[in-house]
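Shown below: my_file-v3.cif, with mmCIF, C-alpha atoms.
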data_coords
#
loop_
_atom_site.label_atom_id
_atom_site.label_comp_id
_atom_site.auth_asym_id
_atom_site.auth_seq_id
_atom_site.Cartn_x
_atom_site.Cartn_y
_atom_site.Cartn_z
CA MET A 1230 -25.48 54.24 -46.78
CA THR A 1231 -28.14 51.59 -47.05
CA VAL A 1232 -29.07 49.13 -44.33
CA ALA A 1233 -27.68 46.16 -46.27
CA TYR A 1234 -24.42 48.01 -46.88
CA SER A 1235 -24.13 48.88 -43.19
CA PHE A 1236 -24.90 45.31 -42.19
CA LEU A 1237 -22.28 43.92 -44.60
CA LEU A 1238 -19.71 46.39 -43.34
CA PHE A 1239 -20.50 45.41 -39.74
CA ILE A 1240 -20.14 41.69 -40.54
CA VAL A 1241 -16.86 42.12 -42.43
CA LEU A 1242 -15.37 44.30 -39.71
CA GLY A 1243 -16.52 41.81 -37.07
CA ILE A 1244 -14.82 38.94 -38.87
CA PHE A 1245 -11.65 40.99 -39.30
CA LEU A 1246 -11.58 42.00 -35.63
CA PHE A 1247 -12.27 38.43 -34.52
CA CYS A 1248 -9.34 37.13 -36.58
CA TYR A 1249 -7.12 39.95 -35.34
CA PHE A 1250 -7.91 39.30 -31.67
CA VAL A 1251 -7.48 35.53 -32.02
CA ALA A 1252 -4.13 35.97 -33.75
CA THR A 1253 -3.02 38.52 -31.16
CA ARG A 1254 -4.03 36.24 -28.28
CA VAL A 1255 -2.14 33.30 -29.77
CA TRP A 1256 0.88 35.51 -30.42
CA ILE A 1257 0.86 36.73 -26.79
CA LYS A 1258 0.63 33.16 -25.44
CA VAL A 1259 3.50 31.99 -27.63
CA ASP A 1260 5.54 35.01 -26.60
CA GLN A 1261 4.90 34.27 -22.90
CA GLN A 1262 5.98 30.66 -23.36
CA ASN A 1263 9.14 31.78 -25.12
CA LYS A 1264 9.91 34.20 -22.29
CA GLN A 1265 9.43 31.47 -19.70
CA SER A 1266 11.65 29.05 -21.58
CA SER A 1267 14.50 31.50 -22.03
CA SER A 1268 16.41 32.45 -18.93
CA GLU A 1269 18.10 35.58 -20.21
CA LYS A 1270 16.27 38.79 -20.99
CA ASP A 1271 16.03 39.59 -24.66
CA LYS A 1272 16.12 43.09 -26.00
CA PRO A 1273 13.60 44.07 -28.62
CA SER A 1274 15.02 42.58 -31.76
CA ARG A 1275 14.68 43.15 -35.44
CA ARG A 1276 12.23 40.26 -35.58
CA ASP A 1277 9.86 42.07 -33.20
CA PHE A 1278 9.96 45.10 -35.45
CA LEU A 1279 9.25 42.94 -38.50
CA TYR A 1280 6.27 41.29 -36.78
CA LEU A 1281 4.73 44.62 -35.81
CA SER A 1282 5.39 46.27 -39.15
CA SER A 1283 3.98 43.34 -41.12
CA ILE A 1284 0.82 43.32 -38.99
CA SER A 1285 0.43 47.08 -39.47
CA ILE A 1286 0.98 46.94 -43.22
CA GLY A 1287 -1.36 43.96 -43.48
CA SER A 1288 -4.08 45.89 -41.65
CA VAL A 1289 -3.69 48.90 -43.92
CA GLY A 1290 -3.63 46.64 -46.98
CA THR A 1291 -6.81 44.87 -45.90
CA ALA A 1292 -8.58 48.18 -45.35
CA ALA A 1293 -7.33 49.49 -48.70
CA PHE A 1294 -8.62 46.34 -50.40
CA MET A 1295 -12.01 46.35 -48.71
CA TRP A 1296 -12.83 50.04 -49.16
CA PRO A 1297 -13.34 50.03 -52.97
CA PHE A 1298 -15.10 46.66 -52.78
CA LEU A 1299 -17.62 47.92 -50.27
CA LYS A 1300 -17.95 51.26 -52.04
CA SER A 1301 -18.79 49.49 -55.31
CA MET A 1302 -21.92 48.07 -53.67
CA ASN A 1303 -23.56 51.50 -53.65
CA PRO A 1304 -26.10 52.08 -56.42
CA ALA A 1305 -24.88 53.89 -59.52
CA GLU A 1306 -25.52 57.61 -59.91
CA ASP A 1307 -27.85 57.14 -62.88
CA THR A 1308 -29.94 54.71 -60.82
CA LEU A 1309 -30.16 57.21 -57.97
CA ALA A 1310 -31.15 59.95 -60.43
CA LEU A 1311 -34.20 57.96 -61.48
CA GLY A 1312 -35.60 58.41 -58.06
#

Starting from the coordinates I provided, produce the structure as structure tokens.
Amino acid sequence: MTVAYSFLLFIVLGIFLFCYFVATRVWIKVDQQNKQSSSEKDKPSRRDFLYLSSISIGSVGTAAFMWPFLKSMNPAEDTLALG
């Protein structure tokens, strides 16, 4: 793994984690406001399951998309064979 490749991976993961934490923080604040506005306790609903599953599948999809892209930045085998 080259230095540039490591740096790019670090930057992309940092951006992804930043977006994830911002979205999670906003989601938690909205959820707290909804809990304060509703007087009755809600059971976990199907919507909660859909939110969590879509976030999980989105995370896996993002990783699956990024892996070949980042792997393609490695030098070709014939270039490495030249020395």

message: Give me the residues near stretch 1286-1302 of chain A as number ranges by chain, where near means some atom within 10 Å (using all atoms listed in the file) and where sequence neighbours in that chain fewer than 6 positions away do not count.
response: A: 1230-1231, 1233-1235, 1237-1238, 1241-1242, 1245, 1249

- line: Separating atom CA of A:Glu1306 from atom CA of A:Phe1239, to the nearest tenth of an Å, is a gap of 24.1 Å

- prompt: Pick from A:Ala1305, A:Leu1311, A:Ile1284, A:Ile1244: nearest to A:Trp1256, with only C-alpha atoms counted?
  reply: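 Counting only C-alpha atoms, the residue closest to A:Trp1256 is A:Ile1284.
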